>>> print(open('model_35.pdb').read())   # PDB, C-alpha atoms and all ligand atoms
ATOM      1  CA  MET O 993      87.065 -18.047  64.764  1.00  0.00           C
ATOM      2  CA  LEU O 994      88.145 -17.325  68.289  1.00  0.00           C
ATOM      3  CA  THR O 995      87.263 -14.878  70.992  1.00  0.00           C
ATOM      4  CA  ARG O 996      88.478 -14.568  74.557  1.00  0.00           C
ATOM      5  CA  ILE O 997      87.645 -13.448  78.049  1.00  0.00           C
ATOM      6  CA  ALA O 998      90.503 -11.793  79.933  1.00  0.00           C
ATOM      7  CA  PRO O 999      89.847 -11.271  83.642  1.00  0.00           C
ATOM      8  CA  THR O1000      92.472  -9.831  85.984  1.00  0.00           C
ATOM      9  CA  PRO O1001      92.880 -11.800  89.224  1.00  0.00           C
ATOM     10  CA  SER O1002      93.582  -8.804  91.442  1.00  0.00           C
ATOM     11  CA  GLY O1003      90.204  -8.994  93.184  1.00  0.00           C
ATOM     12  CA  PHE O1004      87.051 -11.088  93.142  1.00  0.00           C
ATOM     13  CA  LEU O1005      85.014 -10.759  89.970  1.00  0.00           C
ATOM     14  CA  HIS O1006      82.180  -8.221  89.997  1.00  0.00           C
ATOM     15  CA  GLU O1007      78.931  -8.179  88.042  1.00  0.00           C
ATOM     16  CA  GLY O1008      80.475  -6.088  85.281  1.00  0.00           C
ATOM     17  CA  ASN O1009      82.984  -8.868  84.584  1.00  0.00           C
ATOM     18  CA  LEU O1010      80.179 -11.416  84.375  1.00  0.00           C
ATOM     19  CA  VAL O1011      78.198  -9.267  81.943  1.00  0.00           C
ATOM     20  CA  ASN O1012      81.333  -9.045  79.772  1.00  0.00           C
ATOM     21  CA  PHE O1013      81.743 -12.839  79.869  1.00  0.00           C
ATOM     22  CA  LEU O1014      78.105 -13.404  78.895  1.00  0.00           C
ATOM     23  CA  LEU O1015      78.290 -10.870  76.057  1.00  0.00           C
ATOM     24  CA  THR O1016      81.393 -12.693  74.804  1.00  0.00           C
ATOM     25  CA  LYS O1017      79.607 -16.036  75.122  1.00  0.00           C
ATOM     26  CA  ARG O1018      76.640 -14.648  73.154  1.00  0.00           C
ATOM     27  CA  LEU O1019      78.920 -13.407  70.373  1.00  0.00           C
ATOM     28  CA  ALA O1020      80.864 -16.695  70.341  1.00  0.00           C
ATOM     29  CA  ALA O1021      77.632 -18.649  69.939  1.00  0.00           C
ATOM     30  CA  ARG O1022      76.513 -16.388  67.107  1.00  0.00           C
ATOM     31  CA  MET O1023      79.861 -16.704  65.293  1.00  0.00           C
ATOM     32  CA  ASP O1024      80.441 -20.357  66.201  1.00  0.00           C
ATOM     33  CA  ALA O1025      83.733 -19.217  67.747  1.00  0.00           C
ATOM     34  CA  GLY O1026      85.780 -20.804  70.527  1.00  0.00           C
ATOM     35  CA  ILE O1027      86.528 -18.901  73.725  1.00  0.00           C
ATOM     36  CA  VAL O1028      90.046 -18.635  75.175  1.00  0.00           C
ATOM     37  CA  LEU O1029      90.191 -17.998  78.921  1.00  0.00           C
ATOM     38  CA  ARG O1030      93.079 -15.577  79.338  1.00  0.00           C
ATOM     39  CA  ILE O1031      94.101 -14.836  82.899  1.00  0.00           C
ATOM     40  CA  ASP O1032      95.709 -11.383  83.017  1.00  0.00           C
ATOM     41  CA  ASP O1033      97.943 -12.085  85.991  1.00  0.00           C
ATOM     42  CA  MET O1034     100.880  -9.826  85.098  1.00  0.00           C
ATOM     43  CA  ASP O1035     100.591  -7.881  88.335  1.00  0.00           C
ATOM     44  CA  ARG O1036     102.463 -10.231  90.692  1.00  0.00           C
ATOM     45  CA  GLU O1037     101.801  -8.035  93.711  1.00  0.00           C
ATOM     46  CA  ARG O1038      98.025  -8.114  93.440  1.00  0.00           C
ATOM     47  CA  THR O1039      97.375 -11.577  91.995  1.00  0.00           C
ATOM     48  CA  ARG O1040      96.110 -14.104  94.549  1.00  0.00           C
ATOM     49  CA  PRO O1041      95.213 -17.785  94.159  1.00  0.00           C
ATOM     50  CA  GLU O1042      91.717 -17.214  95.557  1.00  0.00           C
ATOM     51  CA  TYR O1043      91.065 -14.639  92.841  1.00  0.00           C
ATOM     52  CA  VAL O1044      92.217 -17.100  90.177  1.00  0.00           C
ATOM     53  CA  SER O1045      89.969 -19.845  91.541  1.00  0.00           C
ATOM     54  CA  ASP O1046      87.084 -17.361  91.655  1.00  0.00           C
ATOM     55  CA  ILE O1047      87.481 -16.953  87.885  1.00  0.00           C
ATOM     56  CA  PHE O1048      87.171 -20.702  87.269  1.00  0.00           C
ATOM     57  CA  ARG O1049      84.175 -20.914  89.630  1.00  0.00           C
ATOM     58  CA  VAL O1050      82.328 -18.140  87.786  1.00  0.00           C
ATOM     59  CA  VAL O1051      83.241 -19.330  84.277  1.00  0.00           C
ATOM     60  CA  GLU O1052      81.851 -22.771  85.068  1.00  0.00           C
ATOM     61  CA  TRP O1053      78.678 -21.330  86.628  1.00  0.00           C
ATOM     62  CA  LEU O1054      78.065 -19.238  83.503  1.00  0.00           C
ATOM     63  CA  GLY O1055      78.323 -22.356  81.338  1.00  0.00           C
ATOM     64  CA  ILE O1056      81.394 -21.146  79.464  1.00  0.00           C
ATOM     65  CA  GLU O1057      83.668 -23.931  78.215  1.00  0.00           C
ATOM     66  CA  PRO O1058      87.013 -22.416  77.223  1.00  0.00           C
ATOM     67  CA  THR O1059      88.890 -24.058  74.373  1.00  0.00           C
ATOM     68  CA  ALA O1060      92.187 -23.053  76.030  1.00  0.00           C
ATOM     69  CA  THR O1061      93.412 -21.373  79.206  1.00  0.00           C
ATOM     70  CA  VAL O1062      96.439 -19.094  79.155  1.00  0.00           C
ATOM     71  CA  TYR O1063      98.197 -17.165  81.917  1.00  0.00           C
ATOM     72  CA  LEU O1064      99.807 -13.929  80.719  1.00  0.00           C
ATOM     73  CA  SER O1065     102.448 -14.194  83.469  1.00  0.00           C
ATOM     74  CA  GLN O1066     103.816 -17.270  81.683  1.00  0.00           C
ATOM     75  CA  ARG O1067     104.296 -15.411  78.414  1.00  0.00           C
ATOM     76  CA  THR O1068     107.017 -12.944  79.442  1.00  0.00           C
ATOM     77  CA  ALA O1069     109.684 -14.475  77.172  1.00  0.00           C
ATOM     78  CA  ARG O1070     107.317 -14.187  74.224  1.00  0.00           C
ATOM     79  CA  ASP O1071     106.518 -10.577  75.154  1.00  0.00           C
ATOM     80  CA  VAL O1072     110.250  -9.774  75.094  1.00  0.00           C
ATOM     81  CA  GLU O1073     110.614 -11.366  71.671  1.00  0.00           C
ATOM     82  CA  ALA O1074     107.600  -9.543  70.249  1.00  0.00           C
ATOM     83  CA  LEU O1075     108.812  -6.250  71.697  1.00  0.00           C
ATOM     84  CA  HIS O1076     112.183  -6.689  69.982  1.00  0.00           C
ATOM     85  CA  ASP O1077     110.454  -7.488  66.689  1.00  0.00           C
ATOM     86  CA  MET O1078     108.175  -4.459  66.977  1.00  0.00           C
ATOM     87  CA  HIS O1079     111.108  -2.239  67.844  1.00  0.00           C
ATOM     88  CA  ALA O1080     113.038  -3.578  64.846  1.00  0.00           C
ATOM     89  CA  ALA O1081     109.987  -2.828  62.687  1.00  0.00           C
ATOM     90  CA  GLY O1082     110.130   0.820  63.757  1.00  0.00           C
ATOM     91  CA  MET O1083     107.749   1.086  66.702  1.00  0.00           C
ATOM     92  CA  PRO O1084     108.682   4.344  68.430  1.00  0.00           C
ATOM     93  CA  THR O1085     109.649   3.797  72.074  1.00  0.00           C
ATOM     94  CA  PHE O1086     111.811   5.452  74.692  1.00  0.00           C
ATOM     95  CA  VAL O1087     113.147   4.625  78.134  1.00  0.00           C
ATOM     96  CA  CYS O1088     111.695   6.827  80.869  1.00  0.00           C
ATOM     97  CA  ARG O1089     112.894   7.159  84.446  1.00  0.00           C
ATOM     98  CA  CYS O1090     109.964   9.287  85.617  1.00  0.00           C
ATOM     99  CA  SER O1091     108.327   7.880  88.727  1.00  0.00           C
ATOM    100  CA  ARG O1092     104.632   8.153  89.439  1.00  0.00           C
ATOM    101  CA  SER O1093     105.300  11.231  91.580  1.00  0.00           C
ATOM    102  CA  ASP O1094     107.346  12.830  88.764  1.00  0.00           C
ATOM    103  CA  LEU O1095     104.362  12.396  86.481  1.00  0.00           C
ATOM    104  CA  GLY O1096     101.718  13.728  88.866  1.00  0.00           C
ATOM    105  CA  ASP O1097      98.593  14.252  86.802  1.00  0.00           C
ATOM    106  CA  SER O1098     100.554  14.080  83.560  1.00  0.00           C
ATOM    107  CA  LEU O1099     100.226  11.010  81.362  1.00  0.00           C
ATOM    108  CA  THR O1100     103.365  11.910  79.485  1.00  0.00           C
ATOM    109  CA  CYS O1101     107.041  11.906  80.465  1.00  0.00           C
ATOM    110  CA  THR O1102     107.838  15.121  82.297  1.00  0.00           C
ATOM    111  CA  ARG O1103     111.647  15.091  82.151  1.00  0.00           C
ATOM    112  CA  HIS O1104     112.425  14.698  78.426  1.00  0.00           C
ATOM    113  CA  CYS O1105     113.838  11.228  79.085  1.00  0.00           C
ATOM    114  CA  ASP O1106     113.664  10.386  75.380  1.00  0.00           C
ATOM    115  CA  ALA O1107     116.464  12.879  74.676  1.00  0.00           C
ATOM    116  CA  GLU O1108     118.764  11.324  77.279  1.00  0.00           C
ATOM    117  CA  GLY O1109     119.241   7.809  75.888  1.00  0.00           C
ATOM    118  CA  ILE O1110     118.721   6.118  79.255  1.00  0.00           C
ATOM    119  CA  GLU O1111     119.266   2.339  79.619  1.00  0.00           C
ATOM    120  CA  LEU O1112     116.281   0.229  80.627  1.00  0.00           C
ATOM    121  CA  ALA O1113     116.935  -1.026  84.171  1.00  0.00           C
ATOM    122  CA  THR O1114     114.592  -2.880  86.488  1.00  0.00           C
ATOM    123  CA  GLY O1115     113.546  -0.690  89.382  1.00  0.00           C
ATOM    124  CA  ALA O1116     114.857   2.467  87.738  1.00  0.00           C
ATOM    125  CA  SER O1117     113.148   2.924  84.388  1.00  0.00           C
ATOM    126  CA  ALA O1118     110.258   1.861  82.183  1.00  0.00           C
ATOM    127  CA  LEU O1119     109.903   1.526  78.432  1.00  0.00           C
ATOM    128  CA  ARG O1120     107.174   3.709  76.961  1.00  0.00           C
ATOM    129  CA  LEU O1121     105.494   3.940  73.597  1.00  0.00           C
ATOM    130  CA  ARG O1122     105.967   7.278  71.861  1.00  0.00           C
ATOM    131  CA  LEU O1123     102.655   7.887  70.139  1.00  0.00           C
ATOM    132  CA  PRO O1124     102.570  10.587  67.463  1.00  0.00           C
ATOM    133  CA  ASP O1125     101.502  13.987  68.824  1.00  0.00           C
ATOM    134  CA  GLY O1126      97.748  14.359  68.541  1.00  0.00           C
ATOM    135  CA  PRO O1127      94.485  13.381  70.175  1.00  0.00           C
ATOM    136  CA  LEU O1128      95.503   9.774  70.902  1.00  0.00           C
ATOM    137  CA  ARG O1129      98.675  10.803  72.742  1.00  0.00           C
ATOM    138  CA  ASP O1130      96.738  13.538  74.553  1.00  0.00           C
ATOM    139  CA  ALA O1131      94.231  10.943  75.759  1.00  0.00           C
ATOM    140  CA  MET O1132      96.522   7.995  76.482  1.00  0.00           C
ATOM    141  CA  GLY O1133      99.879   9.629  77.235  1.00  0.00           C
ATOM    142  CA  ASP O1134     103.209   7.835  76.952  1.00  0.00           C
ATOM    143  CA  VAL O1135     101.869   4.313  77.353  1.00  0.00           C
ATOM    144  CA  VAL O1136     104.047   1.961  79.402  1.00  0.00           C
ATOM    145  CA  LEU O1137     105.120  -1.171  77.522  1.00  0.00           C
ATOM    146  CA  TRP O1138     107.655  -2.531  79.986  1.00  0.00           C
ATOM    147  CA  ARG O1139     107.228  -1.707  83.632  1.00  0.00           C
ATOM    148  CA  ARG O1140     109.784  -0.446  86.120  1.00  0.00           C
ATOM    149  CA  ASP O1141     109.350  -3.677  88.068  1.00  0.00           C
ATOM    150  CA  GLY O1142     110.795  -5.614  85.138  1.00  0.00           C
ATOM    151  CA  TYR O1143     107.562  -7.071  83.779  1.00  0.00           C
ATOM    152  CA  PRO O1144     105.622  -6.443  80.586  1.00  0.00           C
ATOM    153  CA  ALA O1145     102.716  -4.011  80.836  1.00  0.00           C
ATOM    154  CA  TYR O1146      99.103  -4.633  79.901  1.00  0.00           C
ATOM    155  CA  GLN O1147      99.081  -3.006  76.458  1.00  0.00           C
ATOM    156  CA  LEU O1148     101.988  -5.153  75.275  1.00  0.00           C
ATOM    157  CA  SER O1149     100.991  -8.491  76.844  1.00  0.00           C
ATOM    158  CA  SER O1150      97.362  -8.204  75.837  1.00  0.00           C
ATOM    159  CA  LEU O1151      98.129  -7.351  72.221  1.00  0.00           C
ATOM    160  CA  VAL O1152     100.806 -10.019  71.814  1.00  0.00           C
ATOM    161  CA  ALA O1153      98.503 -12.709  73.243  1.00  0.00           C
ATOM    162  CA  ASP O1154      95.621 -11.651  70.970  1.00  0.00           C
ATOM    163  CA  HIS O1155      98.048 -11.657  68.026  1.00  0.00           C
ATOM    164  CA  ASP O1156      99.539 -15.074  68.807  1.00  0.00           C
ATOM    165  CA  PHE O1157      96.178 -16.737  69.428  1.00  0.00           C
ATOM    166  CA  ARG O1158      94.782 -15.129  66.269  1.00  0.00           C
ATOM    167  CA  ILE O1159      91.779 -13.817  68.185  1.00  0.00           C
ATOM    168  CA  SER O1160      89.147 -12.773  65.652  1.00  0.00           C
ATOM    169  CA  HIS O1161      86.510 -11.226  67.946  1.00  0.00           C
ATOM    170  CA  ILE O1162      87.009  -9.170  71.090  1.00  0.00           C
ATOM    171  CA  VAL O1163      84.309  -7.899  73.442  1.00  0.00           C
ATOM    172  CA  ARG O1164      85.565  -5.335  75.933  1.00  0.00           C
ATOM    173  CA  GLY O1165      84.238  -2.543  78.098  1.00  0.00           C
ATOM    174  CA  GLU O1166      83.882   1.003  76.864  1.00  0.00           C
ATOM    175  CA  ASP O1167      86.699   1.960  79.266  1.00  0.00           C
ATOM    176  CA  LEU O1168      89.141   0.111  77.024  1.00  0.00           C
ATOM    177  CA  ARG O1169      88.291   1.996  73.827  1.00  0.00           C
ATOM    178  CA  GLY O1170      91.487   4.066  74.166  1.00  0.00           C
ATOM    179  CA  SER O1171      93.504   0.886  74.715  1.00  0.00           C
ATOM    180  CA  THR O1172      92.001  -0.546  71.549  1.00  0.00           C
ATOM    181  CA  VAL O1173      93.268   2.408  69.510  1.00  0.00           C
ATOM    182  CA  VAL O1174      96.730   2.178  71.117  1.00  0.00           C
ATOM    183  CA  GLN O1175      96.900  -1.558  70.427  1.00  0.00           C
ATOM    184  CA  LEU O1176      95.817  -1.050  66.812  1.00  0.00           C
ATOM    185  CA  PHE O1177      98.669   1.452  66.467  1.00  0.00           C
ATOM    186  CA  MET O1178     101.116  -1.069  67.965  1.00  0.00           C
ATOM    187  CA  ALA O1179      99.805  -4.003  65.918  1.00  0.00           C
ATOM    188  CA  ARG O1180     101.019  -2.348  62.725  1.00  0.00           C
ATOM    189  CA  PHE O1181     104.554  -3.205  63.905  1.00  0.00           C
ATOM    190  CA  LEU O1182     103.752  -6.915  64.260  1.00  0.00           C
ATOM    191  CA  ASP O1183     104.032  -9.143  61.225  1.00  0.00           C
ATOM    192  CA  ASP O1184     100.654  -9.206  59.440  1.00  0.00           C
ATOM    193  CA  SER O1185      98.765  -9.085  62.723  1.00  0.00           C
ATOM    194  CA  PRO O1186      95.315 -10.701  62.862  1.00  0.00           C
ATOM    195  CA  PHE O1187      94.555  -8.047  65.500  1.00  0.00           C
ATOM    196  CA  LEU O1188      94.276  -5.473  62.693  1.00  0.00           C
ATOM    197  CA  ARG O1189      91.446  -7.520  61.180  1.00  0.00           C
ATOM    198  CA  ALA O1190      89.741  -8.534  64.446  1.00  0.00           C
ATOM    199  CA  GLN O1191      86.229  -7.364  65.122  1.00  0.00           C
ATOM    200  CA  ILE O1192      86.569  -5.369  68.346  1.00  0.00           C
ATOM    201  CA  LEU O1193      83.305  -4.489  70.062  1.00  0.00           C
ATOM    202  CA  HIS O1194      82.801  -2.321  73.127  1.00  0.00           C
ATOM    203  CA  HIS O1195      79.997  -2.370  75.634  1.00  0.00           C
ATOM    204  CA  PRO O1196      78.830   0.207  78.172  1.00  0.00           C
ATOM    205  CA  LEU O1197      79.999  -0.457  81.726  1.00  0.00           C
ATOM    206  CA  ILE O1198      77.233  -1.602  83.983  1.00  0.00           C
ATOM    207  CA  VAL O1199      76.315   0.665  86.818  1.00  0.00           C
ATOM    208  CA  GLY O1200      75.952  -0.529  90.422  1.00  0.00           C
ATOM    209  CA  GLU O1201      73.105   0.227  92.777  1.00  0.00           C
ATOM    210  CA  SER O1202      74.874   3.367  93.997  1.00  0.00           C
ATOM    211  CA  GLY O1203      74.990   4.658  90.408  1.00  0.00           C
ATOM    212  CA  ALA O1204      78.771   4.265  90.334  1.00  0.00           C
ATOM    213  CA  LYS O1205      80.488   2.188  87.695  1.00  0.00           C
ATOM    214  CA  LEU O1206      81.421  -1.243  88.992  1.00  0.00           C
ATOM    215  CA  SER O1207      85.132  -1.604  89.301  1.00  0.00           C
ATOM    216  CA  LYS O1208      87.659  -3.829  90.944  1.00  0.00           C
ATOM    217  CA  SER O1209      87.455  -1.953  94.212  1.00  0.00           C
ATOM    218  CA  GLN O1210      83.966  -3.354  94.587  1.00  0.00           C
ATOM    219  CA  GLY O1211      85.242  -6.898  94.085  1.00  0.00           C
ATOM    220  CA  THR O1212      86.201  -7.288  97.732  1.00  0.00           C
ATOM    221  CA  SER O1213      84.046 -10.361  98.352  1.00  0.00           C
ATOM    222  CA  ARG O1214      83.018 -13.367  96.293  1.00  0.00           C
ATOM    223  CA  LEU O1215      79.788 -12.950  94.366  1.00  0.00           C
ATOM    224  CA  GLU O1216      76.990 -15.221  95.496  1.00  0.00           C
ATOM    225  CA  LEU O1217      76.067 -17.171  92.406  1.00  0.00           C
ATOM    226  CA  THR O1218      72.286 -17.263  92.735  1.00  0.00           C
ATOM    227  CA  PRO O1219      69.371 -17.544  90.289  1.00  0.00           C
ATOM    228  CA  VAL O1220      68.514 -13.921  91.163  1.00  0.00           C
ATOM    229  CA  LEU O1221      71.962 -12.813  90.037  1.00  0.00           C
ATOM    230  CA  ARG O1222      71.668 -14.888  86.872  1.00  0.00           C
ATOM    231  CA  ASN O1223      68.342 -13.226  86.019  1.00  0.00           C
ATOM    232  CA  ARG O1224      69.822  -9.787  86.590  1.00  0.00           C
ATOM    233  CA  LEU O1225      72.836 -10.605  84.402  1.00  0.00           C
ATOM    234  CA  ASP O1226      70.637 -11.966  81.615  1.00  0.00           C
ATOM    235  CA  ALA O1227      68.532  -8.794  81.726  1.00  0.00           C
ATOM    236  CA  SER O1228      71.678  -6.629  81.479  1.00  0.00           C
ATOM    237  CA  VAL O1229      73.055  -8.675  78.594  1.00  0.00           C
ATOM    238  CA  ALA O1230      69.747  -8.515  76.712  1.00  0.00           C
ATOM    239  CA  SER O1231      69.718  -4.719  76.996  1.00  0.00           C
ATOM    240  CA  ILE O1232      73.273  -4.124  75.756  1.00  0.00           C
ATOM    241  CA  GLU O1233      74.137  -3.252  72.174  1.00  0.00           C
ATOM    242  CA  LEU O1234      77.738  -3.855  71.179  1.00  0.00           C
ATOM    243  CA  SER O1235      79.366  -1.159  69.111  1.00  0.00           C
TER     244      SER O1235
HETATM  245 ZN    ZN B   1     110.429  10.409  81.743  1.00  0.00          ZN
END
>>> encode(input="model_35.pdb", output="structure tokens")
Amino acid sequence: MLTRIAPTPSGFLHEGNLVNFLLTKRLAARMDAGIVLRIDDMDRERTRPEYVSDIFRVVEWLGIEPTATVYLSQRTARDVEALHDMHAAGMPTFVCRCSRSDLGDSLTCTRHCDAEGIELATGASALRLRLPDGPLRDAMGDVVLWRRDGYPAYQLSSLVADHDFRISHIVRGEDLRGSTVVQLFMARFLDDSPFLRAQILHHPLIVGESGAKLSKSQGTSRLELTPVLRNRLDASVASIELS
């Protein structure tokens, strides 16, 4: 059995990340599962070496011993291959040239790109998933699979890595519940994906002192790894029910 932690090195880690790591560690101990450290460094613009080293510093301080470390940025060729396989298996996709300003508040393509048969071209278009009409598409929109900048997007890279590593248990924040449903939809187009059988648990996001949810914008400085912090984290972890 195998679980994973999957931090994004686009800022210093915040307490919410650490709670997620400890919840994953708790589940791994209960299931006697290994933990893969997956560094979600697909965003070349925002990834910085100091953010990557912050991850290793925190993981060690928390007493987590990963059985493997993987960088998503090094898996692009595999993402291409998996995307071709999923497309061949009937996953509905379309090329969209809408920019962020074309979309505005809309999560879905605004210019009927799917009817135009546009070629995918770096800098000019993105590949999107065409979810069936219904509540999932209303909530998640036309999910990007391949970005305009020529790199795979989160939903694709994350799923393909979880599939390839045969991850059996996933602990993620409540904010990713929609992503979970999208990835379960996509996983049906992978060959007998272990992701469809994985136990995927969600936890509430921890709230900062201001009452706001902790997010990356608050990760502007390195956490001080103190016994006080450790006590606070342990108290948070003890109070959280996974669902
Ligand atoms: Zn479009």
>>> resolve_selection(input="model_35.pdb", expression="the PyMOL selection byres (((chain O and resi 1192) around 8) and not hetatm)", output="PDB file with C-alpha atoms, keeping the file's coordinate frame")
ATOM      1  CA  HIS O1161      86.510 -11.226  67.946  1.00  0.00           C
ATOM      2  CA  ILE O1162      87.009  -9.170  71.090  1.00  0.00           C
ATOM      3  CA  VAL O1163      84.309  -7.899  73.442  1.00  0.00           C
ATOM      4  CA  ARG O1164      85.565  -5.335  75.933  1.00  0.00           C
ATOM      5  CA  THR O1172      92.001  -0.546  71.549  1.00  0.00           C
ATOM      6  CA  ALA O1190      89.741  -8.534  64.446  1.00  0.00           C
ATOM      7  CA  GLN O1191      86.229  -7.364  65.122  1.00  0.00           C
ATOM      8  CA  LEU O1193      83.305  -4.489  70.062  1.00  0.00           C
ATOM      9  CA  HIS O1194      82.801  -2.321  73.127  1.00  0.00           C
TER      10      HIS O1194
END
>>> resolve_selection(input="model_35.pdb", expression="the PyMOL selection byres (((chain O and resi 1054) around 10) and not hetatm)", output="ChimeraX atom specification")
/O:1010,1013-1014,1017,1048-1053,1055-1057,1217,1222
>>> resolve_selection(input="model_35.pdb", expression="the PyMOL selection byres (((chain O and resi 1159) around 9) and not hetatm)", output="ChimeraX atom specification")
/O:993-996,1028,1153-1158,1160-1162,1186-1187,1190
>>> residues_near_ligand(input="model_35.pdb", ligand="ligand ZN 1 (chain B)", cutoff="8 Å", atoms="all atoms listed in the file", output="list in words")
Val1087, Cys1088, Arg1089, Cys1090, Ser1091, Leu1095, Thr1100, Cys1101, Thr1102, Arg1103, His1104, Cys1105 and Asp1106 of chain O
>>> axis_aligned_box(input="model_35.pdb", around="range 993-1011 of chain O", padding_each_side="4 Å", output="lines of an AutoDock Vina configuration file")
center_x = 85.9
center_y = -12.1
center_z = 79.0
size_x = 23.4
size_y = 20.0
size_z = 36.4
>>> residues_around(input="model_35.pdb", residues="range 1125-1135 of chain O", least_positions_apart="2", cutoff="6 Å", atoms="all atoms listed in the file", output="PyMOL selection string")
chain O and resi 1099-1100+1120-1123
>>> atom_distance(input="model_35.pdb", atom1="CA of Arg1169 in chain O", atom2="CA of Ser1150 in chain O")
13.8 Å
>>> residues_around(input="model_35.pdb", residues="Glu1233 in chain O", least_positions_apart="3", cutoff="9 Å", atoms="only C-alpha atoms", output="PyMOL selection string")
chain O and resi 1194-1196+1229-1230
